[in-house]
>>> print(open('my_file_31.cif').read())   # mmCIF, C-alpha atoms
data_run
#
loop_
_atom_site.label_atom_id
_atom_site.label_comp_id
_atom_site.auth_asym_id
_atom_site.auth_seq_id
_atom_site.Cartn_x
_atom_site.Cartn_y
_atom_site.Cartn_z
CA MET A 274 -15.02 -8.17 -64.98
CA ALA A 275 -12.05 -10.50 -64.78
CA GLN A 276 -9.78 -10.13 -61.85
CA THR A 277 -6.05 -10.22 -62.35
CA PRO A 278 -3.86 -12.30 -60.04
CA GLY A 279 -2.25 -9.12 -58.74
CA SER A 280 -5.59 -7.63 -57.76
CA ALA A 281 -6.59 -10.85 -56.01
CA LEU A 282 -3.37 -10.72 -54.02
CA VAL A 283 -4.09 -7.16 -52.98
CA THR A 284 -7.62 -7.88 -51.82
CA THR A 285 -6.71 -10.93 -49.71
CA SER A 286 -3.74 -9.44 -47.82
CA ALA A 287 -4.00 -6.94 -44.95
CA PRO A 288 -3.19 -3.31 -45.76
CA PRO A 289 0.27 -2.16 -44.63
CA ALA A 290 -1.28 0.51 -42.38
CA SER A 291 -3.41 -2.12 -40.64
CA ARG A 292 -0.39 -4.39 -40.05
CA ALA A 293 1.57 -1.43 -38.67
CA SER A 294 -1.32 -0.52 -36.39
CA ARG A 295 -1.49 -4.06 -35.00
CA GLY A 296 2.26 -4.03 -34.47
CA VAL A 297 2.03 -0.76 -32.54
CA VAL A 298 -0.73 -2.14 -30.29
CA VAL A 299 1.21 -5.33 -29.62
CA ALA A 300 4.32 -3.27 -28.84
CA SER A 301 2.35 -1.13 -26.38
CA TYR A 302 1.06 -4.27 -24.64
CA GLY A 303 4.58 -5.65 -24.43
CA LEU A 304 6.01 -2.44 -23.02
CA MET A 305 3.25 -2.20 -20.41
CA ALA A 306 3.69 -5.82 -19.33
CA ALA A 307 7.47 -5.42 -19.14
CA THR A 308 7.07 -2.28 -17.04
CA LEU A 309 4.76 -3.96 -14.53
CA LEU A 310 7.06 -6.99 -14.26
CA LEU A 311 10.04 -4.69 -13.74
CA VAL A 312 8.15 -2.86 -10.99
CA MET A 313 7.52 -6.12 -9.13
CA TRP A 314 11.02 -7.50 -9.76
CA ARG A 315 12.88 -4.41 -8.55
CA GLY A 316 10.56 -3.56 -5.65
CA LEU A 317 9.20 -0.37 -7.20
CA LEU A 318 5.56 -0.99 -6.28
CA PRO A 319 5.43 1.87 -3.70
CA GLY A 320 6.66 4.26 -6.39
CA LEU A 321 4.10 3.05 -8.94
CA LEU A 322 1.23 3.35 -6.48
CA CYS A 323 2.33 6.85 -5.48
CA VAL A 324 2.58 7.90 -9.14
CA CYS A 325 -1.10 7.05 -9.53
CA LEU A 326 -1.98 8.56 -6.16
CA GLY A 327 -0.14 11.82 -6.88
CA PHE A 328 -1.88 12.13 -10.25
CA LEU A 329 -5.37 11.54 -8.83
CA LEU A 330 -4.84 13.79 -5.79
CA THR A 331 -3.51 16.64 -7.91
CA ARG A 332 -6.43 16.46 -10.31
CA ALA A 333 -8.95 16.18 -7.44
CA PHE A 334 -7.46 19.15 -5.54
CA ALA A 335 -7.31 21.20 -8.74
CA ARG A 336 -11.00 20.55 -9.41
CA GLY A 337 -11.81 21.48 -5.82
CA LEU A 338 -9.88 24.75 -6.02
CA ALA A 339 -11.49 25.61 -9.34
CA ARG A 340 -14.93 24.91 -7.87
CA LEU A 341 -14.22 27.18 -4.91
CA ARG A 342 -13.25 30.07 -7.17
CA ARG A 343 -15.74 29.74 -10.03
CA GLY A 344 -18.57 27.53 -8.86
CA PRO A 345 -18.90 24.28 -10.85
CA ALA A 346 -15.57 22.88 -11.98
CA PRO A 347 -14.91 23.87 -15.61
CA ALA A 348 -14.09 21.35 -18.31
CA THR A 349 -10.52 22.70 -18.54
CA LEU A 350 -8.92 23.30 -15.16
CA PRO A 351 -7.28 26.73 -14.69
CA ARG A 352 -3.51 26.65 -14.71
CA GLU A 353 -3.22 28.40 -11.34
CA ALA A 354 -5.48 25.80 -9.72
CA GLN A 355 -3.31 23.00 -11.13
CA VAL A 356 -0.10 24.61 -9.87
CA ALA A 357 -1.56 25.21 -6.39
CA ALA A 358 -2.81 21.62 -6.19
CA ALA A 359 0.57 20.28 -7.31
CA ALA A 360 2.39 22.35 -4.69
CA LEU A 361 0.01 21.08 -2.00
CA VAL A 362 0.52 17.43 -2.94
CA MET A 363 4.32 17.75 -3.18
CA LEU A 364 4.83 19.73 0.04
CA ALA A 365 2.28 17.96 2.26
CA PRO A 366 4.51 14.88 2.97
CA LEU A 367 7.45 17.14 3.86
CA GLY A 368 5.24 19.19 6.18
CA LEU A 369 4.00 16.05 7.92
CA LEU A 370 7.60 14.85 8.31
CA VAL A 371 8.71 18.13 9.89
CA LEU A 372 5.67 18.11 12.18
CA GLY A 373 6.40 14.55 13.27
CA LEU A 374 10.05 15.28 13.99
CA THR A 375 9.11 18.39 15.98
CA HIS A 376 6.75 16.43 18.19
CA SER A 377 9.24 13.57 18.56
CA ARG A 378 12.09 15.76 19.83
CA GLY A 379 11.21 15.19 23.47
CA TYR A 380 10.98 11.46 22.90
CA LEU A 381 14.42 11.36 21.28
CA VAL A 382 15.99 13.36 24.13
CA GLU A 383 14.43 11.13 26.78
CA ALA A 384 15.14 7.88 24.91
CA PRO A 385 18.26 6.90 26.98
CA GLN A 386 16.36 7.27 30.25
CA GLN A 387 13.41 5.32 28.86
CA TYR A 388 15.82 2.62 27.69
CA ARG A 389 17.29 2.24 31.19
CA GLU A 390 13.81 2.12 32.74
CA LEU A 391 12.76 -0.53 30.22
CA LEU A 392 15.79 -2.68 31.07
CA GLU A 393 15.07 -2.44 34.78
CA TYR A 394 11.41 -3.27 34.20
CA MET A 395 12.40 -6.32 32.12
CA ALA A 396 14.89 -7.43 34.77
CA VAL A 397 12.26 -7.24 37.52
CA THR A 398 9.79 -9.16 35.33
CA VAL A 399 12.39 -11.90 34.64
CA ARG A 400 13.31 -12.20 38.34
CA GLU A 401 9.65 -12.58 39.30
CA LEU A 402 9.21 -15.20 36.60
CA ARG A 403 12.26 -17.15 37.82
CA LEU A 404 10.79 -17.32 41.32
CA LYS A 405 7.63 -18.91 39.95
CA LEU A 406 9.43 -21.56 37.85
CA PRO A 407 11.09 -24.78 39.08
CA THR A 408 14.76 -24.48 39.96
CA ASP A 409 15.73 -27.11 37.38
CA PHE A 410 13.98 -25.31 34.50
CA PRO A 411 16.21 -25.87 31.42
CA ILE A 412 16.15 -22.32 29.97
CA PRO A 413 19.00 -20.10 31.27
CA TRP A 414 17.33 -16.87 32.37
CA PRO A 415 19.39 -13.64 32.59
CA GLU A 416 20.33 -12.48 36.06
CA GLY A 417 19.66 -8.75 35.75
CA ALA A 418 19.57 -5.65 33.57
CA ALA A 419 23.23 -5.98 32.51
CA ASP A 420 22.71 -9.61 31.48
CA ILE A 421 19.59 -8.66 29.50
CA GLN A 422 21.52 -5.86 27.82
CA ARG A 423 24.28 -8.28 26.77
CA THR A 424 21.70 -10.74 25.44
CA ILE A 425 20.01 -8.06 23.36
CA ALA A 426 23.36 -6.78 22.07
CA ASN A 427 24.46 -10.29 21.05
CA TYR A 428 21.18 -10.92 19.25
CA LEU A 429 21.31 -7.60 17.41
CA GLY A 430 24.92 -8.27 16.46
CA ALA A 431 23.98 -11.65 15.01
CA LYS A 432 21.12 -10.07 13.06
CA ALA A 433 22.99 -6.92 12.05
CA GLY A 434 23.13 -7.89 8.37
CA ALA A 435 19.43 -8.64 8.15
CA LEU A 436 18.53 -5.46 10.05
CA ALA A 437 20.74 -3.36 7.77
CA VAL A 438 19.15 -4.85 4.65
CA ALA A 439 15.66 -4.32 6.08
CA GLY A 440 16.50 -0.72 6.98
CA ARG A 441 17.82 0.02 3.49
CA ALA A 442 14.77 -1.61 1.91
CA TRP A 443 12.42 0.47 4.05
CA LEU A 444 14.31 3.69 3.31
CA GLY A 445 14.38 2.84 -0.39
CA ALA A 446 10.63 2.20 -0.41
CA VAL A 447 9.99 5.60 1.19
CA LEU A 448 12.26 7.29 -1.33
CA TYR A 449 10.59 5.52 -4.26
CA ALA A 450 7.18 6.48 -2.91
CA TYR A 451 8.01 10.17 -2.68
CA VAL A 452 9.69 10.24 -6.09
CA GLY A 453 6.65 8.49 -7.52
CA LEU A 454 4.42 11.10 -5.88
CA LEU A 455 6.43 13.86 -7.55
CA ILE A 456 6.22 12.13 -10.94
CA GLY A 457 2.47 11.68 -10.70
CA THR A 458 1.98 15.28 -9.60
CA LEU A 459 4.06 16.68 -12.44
CA ALA A 460 2.27 14.44 -14.94
CA ALA A 461 -1.09 15.77 -13.75
CA VAL A 462 -0.12 19.40 -14.48
CA ARG A 463 1.87 18.85 -17.66
CA VAL A 464 1.17 21.14 -20.61
CA PRO A 465 -0.12 19.24 -23.67
CA GLY A 466 2.56 19.13 -26.33
CA ALA A 467 2.69 18.33 -30.01
CA PRO A 468 0.56 15.52 -31.50
CA ARG A 469 1.88 12.13 -30.46
CA GLY A 470 2.92 9.25 -32.69
CA PRO A 471 0.95 6.00 -32.88
CA LEU A 472 3.00 4.16 -30.23
CA ALA A 473 2.69 7.06 -27.79
CA GLN A 474 -1.08 7.17 -28.36
CA ALA A 475 -1.35 3.43 -27.70
CA LEU A 476 0.72 3.77 -24.51
CA VAL A 477 -1.50 6.64 -23.34
CA LEU A 478 -4.50 4.34 -23.73
CA ARG A 479 -2.74 1.63 -21.68
CA VAL A 480 -1.89 4.13 -18.93
CA ARG A 481 -5.44 5.53 -18.95
CA LEU A 482 -6.93 2.07 -18.41
CA PHE A 483 -4.43 1.41 -15.63
CA GLY A 484 -5.41 4.70 -13.99
CA GLU A 485 -9.10 3.80 -14.14
CA ALA A 486 -8.36 0.47 -12.47
CA PHE A 487 -6.35 2.23 -9.76
CA ARG A 488 -9.17 4.70 -9.09
CA GLN A 489 -11.67 1.88 -8.67
CA ILE A 490 -9.34 -0.04 -6.36
CA VAL A 491 -8.75 3.05 -4.19
CA ALA A 492 -12.50 3.66 -3.87
CA ALA A 493 -13.03 0.03 -2.89
CA GLN A 494 -10.14 0.13 -0.41
CA PHE A 495 -11.70 3.15 1.31
CA TRP A 496 -14.77 1.11 2.19
CA ILE A 497 -12.60 -1.82 3.29
CA ALA A 498 -10.64 0.50 5.61
CA ALA A 499 -13.91 1.87 7.01
CA PHE A 500 -15.21 -1.65 7.66
CA ASN A 501 -11.95 -2.71 9.37
CA THR A 502 -12.03 0.45 11.49
CA PHE A 503 -15.60 -0.32 12.54
CA LEU A 504 -14.63 -3.85 13.62
CA THR A 505 -11.54 -2.58 15.45
CA ALA A 506 -13.57 0.08 17.27
CA LEU A 507 -16.07 -2.58 18.40
CA PHE A 508 -13.20 -4.76 19.61
CA LEU A 509 -11.40 -2.02 21.52
CA LEU A 510 -14.42 -0.16 22.90
CA LEU A 511 -16.84 -3.02 23.61
CA VAL A 512 -15.27 -6.49 23.53
CA LEU A 513 -12.12 -5.82 25.58
CA PRO A 514 -13.89 -3.67 28.23
CA TYR A 515 -16.52 -6.43 28.56
CA TRP A 516 -13.66 -8.75 29.61
CA GLY A 517 -12.35 -6.13 32.02
CA LEU A 518 -9.46 -5.12 29.74
CA LYS A 519 -8.78 -1.64 28.40
CA LEU A 520 -5.99 -0.65 26.05
CA PRO A 521 -4.30 2.77 26.28
CA TYR A 522 -4.30 5.12 23.30
CA THR A 523 -7.55 3.64 21.98
CA PRO A 524 -8.52 6.70 19.84
CA ALA A 525 -5.05 6.75 18.25
CA LEU A 526 -5.24 3.01 17.53
CA ILE A 527 -8.64 3.40 15.84
CA THR A 528 -7.32 6.28 13.72
CA LEU A 529 -4.25 4.26 12.78
CA THR A 530 -6.50 1.38 11.72
CA PHE A 531 -8.31 3.57 9.19
CA VAL A 532 -5.20 5.29 7.81
CA ALA A 533 -3.15 2.08 7.53
CA GLY A 534 -6.19 0.19 6.23
CA LEU A 535 -6.06 2.29 3.05
CA VAL A 536 -3.06 0.12 2.12
CA PRO A 537 -4.43 -3.30 1.07
CA ILE A 538 -3.67 -6.23 3.37
CA VAL A 539 -0.30 -4.94 4.63
CA GLY A 540 -1.80 -1.89 6.34
CA ASN A 541 -4.27 -4.09 8.19
CA LEU A 542 -1.46 -6.35 9.39
CA LEU A 543 0.57 -3.34 10.53
CA CYS A 544 -2.15 -1.74 12.63
CA ASN A 545 -3.18 -5.04 14.21
CA THR A 546 0.44 -5.79 15.10
CA VAL A 547 0.63 -2.42 16.86
CA ILE A 548 -2.58 -3.25 18.72
CA THR A 549 -1.12 -6.59 19.82
CA ILE A 550 2.04 -4.93 21.15
CA VAL A 551 -0.03 -2.39 23.07
CA GLY A 552 -2.17 -5.23 24.41
CA LEU A 553 0.96 -6.99 25.65
CA SER A 554 1.74 -3.95 27.79
CA VAL A 555 -1.60 -4.47 29.55
CA SER A 556 -1.62 -8.23 30.10
CA PRO A 557 -0.90 -11.52 28.34
CA LEU A 558 -4.64 -12.11 28.05
CA ALA A 559 -5.11 -8.80 26.24
CA ALA A 560 -2.20 -9.63 23.93
CA ALA A 561 -3.68 -13.07 23.17
CA ALA A 562 -7.08 -11.51 22.44
CA CYS A 563 -5.49 -8.94 20.11
CA LEU A 564 -3.46 -11.64 18.39
CA GLY A 565 -6.59 -13.70 17.81
CA PHE A 566 -8.27 -10.60 16.41
CA LEU A 567 -5.27 -10.05 14.10
CA ILE A 568 -5.45 -13.60 12.74
CA LEU A 569 -9.23 -13.43 12.27
CA ILE A 570 -9.12 -10.11 10.43
CA HIS A 571 -6.14 -11.19 8.30
CA LYS A 572 -8.00 -14.26 7.07
CA ALA A 573 -11.27 -12.37 6.64
CA GLU A 574 -9.41 -9.64 4.74
CA TYR A 575 -9.01 -11.95 1.76
CA VAL A 576 -12.77 -12.46 1.42
CA ILE A 577 -13.68 -8.85 2.28
CA ASN A 578 -11.14 -7.45 -0.16
CA ALA A 579 -12.23 -9.79 -2.93
CA LYS A 580 -15.92 -9.07 -2.35
CA VAL A 581 -15.72 -5.28 -2.21
CA VAL A 582 -13.11 -4.91 -4.96
CA GLY A 583 -14.87 -7.47 -7.12
CA SER A 584 -18.20 -5.66 -6.87
CA ARG A 585 -16.62 -2.38 -8.00
CA THR A 586 -14.44 -3.80 -10.76
CA GLN A 587 -16.80 -6.51 -12.08
CA MET A 588 -14.52 -9.29 -10.88
CA GLY A 589 -15.72 -12.48 -9.26
CA VAL A 590 -14.69 -13.20 -5.70
CA TRP A 591 -13.24 -16.57 -6.65
CA GLU A 592 -11.00 -15.22 -9.42
CA LEU A 593 -9.70 -12.33 -7.32
CA LEU A 594 -8.98 -14.68 -4.41
CA ALA A 595 -7.10 -17.00 -6.76
CA VAL A 596 -5.06 -14.12 -8.17
CA MET A 597 -4.24 -12.83 -4.67
CA PHE A 598 -3.05 -16.23 -3.46
CA VAL A 599 -0.90 -16.82 -6.55
CA ALA A 600 0.57 -13.30 -6.45
CA GLU A 601 1.46 -13.66 -2.77
CA ALA A 602 3.15 -16.99 -3.49
CA VAL A 603 5.21 -15.49 -6.33
CA PHE A 604 6.00 -11.96 -5.13
CA GLY A 605 5.25 -12.12 -1.39
CA PRO A 606 3.36 -9.29 0.38
CA ALA A 607 4.00 -6.94 -2.56
CA GLY A 608 2.16 -9.36 -4.84
CA LEU A 609 -0.75 -9.43 -2.42
CA VAL A 610 -1.01 -5.64 -2.63
CA ALA A 611 -0.58 -5.50 -6.41
CA ALA A 612 -2.85 -8.41 -7.32
CA PRO A 613 -6.23 -6.56 -7.24
CA LEU A 614 -4.82 -3.60 -9.20
CA PHE A 615 -2.99 -5.60 -11.85
CA TYR A 616 -5.87 -8.01 -12.35
CA ALA A 617 -8.40 -5.19 -12.62
CA TYR A 618 -6.20 -3.57 -15.27
CA LEU A 619 -5.88 -6.87 -17.15
CA LYS A 620 -9.65 -7.28 -17.25
CA LYS A 621 -10.08 -3.72 -18.51
CA GLU A 622 -7.64 -4.43 -21.34
CA LEU A 623 -9.50 -7.63 -22.25
CA VAL A 624 -12.85 -5.85 -22.21
CA SER A 625 -11.42 -2.98 -24.28
CA ALA A 626 -10.13 -5.46 -26.86
CA GLN A 627 -13.57 -7.18 -26.84
CA LEU A 628 -12.01 -10.51 -25.90
CA ILE A 629 -14.32 -11.10 -22.92
#
>>> encode(input="my_file_31.cif", output="structure tokens")
Amino acid sequence: MAQTPGSALVTTSAPPASRASRGVVVASYGLMAATLLLVMWRGLLPGLLCVCLGFLLTRAFARGLARLRRGPAPATLPREAQVAAAALVMLAPLGLLVLGLTHSRGYLVEAPQQYRELLEYMAVTVRELRLKLPTDFPIPWPEGAADIQRTIANYLGAKAGALAVAGRAWLGAVLYAYVGLLIGTLAAVRVPGAPRGPLAQALVLRVRLFGEAFRQIVAAQFWIAAFNTFLTALFLLLVLPYWGLKLPYTPALITLTFVAGLVPIVGNLLCNTVITIVGLSVSPLAAAACLGFLILIHKAEYVINAKVVGSRTQMGVWELLAVMFVAEAVFGPAGLVAAPLFYAYLKKELVSAQLI
């Protein structure tokens, strides 16, 4: 049968519904990319991570509570279990804060006396050092505690602007993190509403893939933290005592290593910096050994992180290392933390679209 020109035009062009569907998918990709760039640009990464963490913790606690009450966790979690889990996740940080402030009250009250003792200790140390140095040594050493106090005050005054900005940034990060935790918790216990439109459905798929990437990264980071804790325990309990050095608060330092190690890269740097400061209170040799350990672990963290995360997210070590280096160069430490998560999500989107 002959085919009219109009029918040929209809058969060769894409249906309007198909074009609209592709437009919706492209719009969802654009909105997701813009959101992630906005997170990195405005320093909202702690909030984003805590949104995901609050969601996963609430769902995990709800499943655990449902299992305790009814045996195996049902397919649909009971509403009371969800509410109880949400309350636990939202109130736990506040409880830990109150507990910390309660135990720190004595330290705050005794802080002035400790400050005076620290100044006197520093003055004695400086005087002993001056006796051991040549009289024509070019550096002007302070004479006593009052001179040290003036030097510290002048330095803090010169750096007041930078310290104020750093303090506001730290406080803002904590606030963003807790607000993100609340958002993730409330999203985990939301009541399903009316059927969503096509753009909302596409965005839900984007968010679901991002959540899967986050869950895989968290599982991988747990094993990285365990490995770092094992190395730190060997260093503190075996290597330093073999050299005749012993750091105080060793159990607390090992615990801090595991807890802080759950934060990629930055947590490892934090706990090793604390170890170095504690080592300095023992001797310069202990501080040098801890500093060498910090540098070694920091460099090894790139390879360890890439290997463990890559094995769980089907990413090669070389590509994850490249992404981490580029992200750190562009966004700084925040980029180093976000690189494994964002790249894992990107690969999931590419696999879902059957492009790789």
>>> atom_distance(input="my_file_31.cif", atom1="atom CA of A:Leu454", atom2="atom CA of A:Gly327")
4.7 Å
>>> resolve_selection(input="my_file_31.cif", expression="the PyMOL selection byres ((chain A and resi 546-555) around 10)", output="ChimeraX atom specification")
/A:505,509,518-523,526-527,529-530,540-545,556-567
>>> axis_aligned_box(input="my_file_31.cif", around="stretch 292-304 of chain A", padding_each_side="3 Å", output="JSON")
{"center_x": 2.3, "center_y": -3.1, "center_z": -31.5, "size_x": 13.5, "size_y": 11.1, "size_z": 23.0}
>>> atom_distance(input="my_file_31.cif", atom1="atom CA of A:Trp314", atom2="atom CA of A:Phe328")
23.5 Å
>>> residues_around(input="my_file_31.cif", residues="A:Ala611", least_positions_apart="6", cutoff="12 Å", atoms="all atoms listed in the file", output="count of residues only")
29
>>> resolve_selection(input="my_file_31.cif", expression="the PyMOL selection byres ((chain A and resi 502) around 9)", output="NGL selection string")
:A and (497-501 or 503-507 or 527-531 or 534)
>>> write_last_selection(input="my_file_31.cif", atoms="C-alpha atoms", output="short mmCIF file (atom, residue, chain, number, x, y, z; two decimals), in the frame of the given file")
data_model
loop_
_atom_site.label_atom_id
_atom_site.label_comp_id
_atom_site.auth_asym_id
_atom_site.auth_seq_id
_atom_site.Cartn_x
_atom_site.Cartn_y
_atom_site.Cartn_z
CA ILE A 497 -12.60 -1.82 3.29
CA ALA A 498 -10.64 0.50 5.61
CA ALA A 499 -13.91 1.87 7.01
CA PHE A 500 -15.21 -1.65 7.66
CA ASN A 501 -11.95 -2.71 9.37
CA PHE A 503 -15.60 -0.32 12.54
CA LEU A 504 -14.63 -3.85 13.62
CA THR A 505 -11.54 -2.58 15.45
CA ALA A 506 -13.57 0.08 17.27
CA LEU A 507 -16.07 -2.58 18.40
CA ILE A 527 -8.64 3.40 15.84
CA THR A 528 -7.32 6.28 13.72
CA LEU A 529 -4.25 4.26 12.78
CA THR A 530 -6.50 1.38 11.72
CA PHE A 531 -8.31 3.57 9.19
CA GLY A 534 -6.19 0.19 6.23
#
>>> resolve_selection(input="my_file_31.cif", expression="the PyMOL selection byres ((chain A and resi 620) around 10)", output="list in words")
Leu482, Ala486, Thr586, Gln587, Met588, Phe615, Tyr616, Ala617, Tyr618, Leu619, Lys621, Glu622, Leu623, Val624, Ser625, Ala626, Leu628 and Ile629 of chain A
>>> atom_distance(input="my_file_31.cif", atom1="atom CA of A:Phe508", atom2="atom CA of A:Pro524")
12.4 Å
>>> closest_residue(input="my_file_31.cif", among="A:Ala525, A:Leu614, A:Ala306, A:Ala354", to="A:Ala461", atoms="all atoms listed in the file")
A:Ala354
>>> residues_around(input="my_file_31.cif", residues="A:Gly320", least_positions_apart="6", cutoff="9 Å", atoms="all atoms listed in the file", output="list in words")
Val312, Ala446, Val447, Leu448, Tyr449, Ala450, Tyr451, Val452, Gly453 and Leu454 of chain A
>>> residues_around(input="my_file_31.cif", residues="stretch 456-460 of chain A", least_positions_apart="3", cutoff="8 Å", atoms="only C-alpha atoms", output="NGL selection string")
:A and (323-328 or 330-331 or 359 or 362-363 or 452-453 or 463)
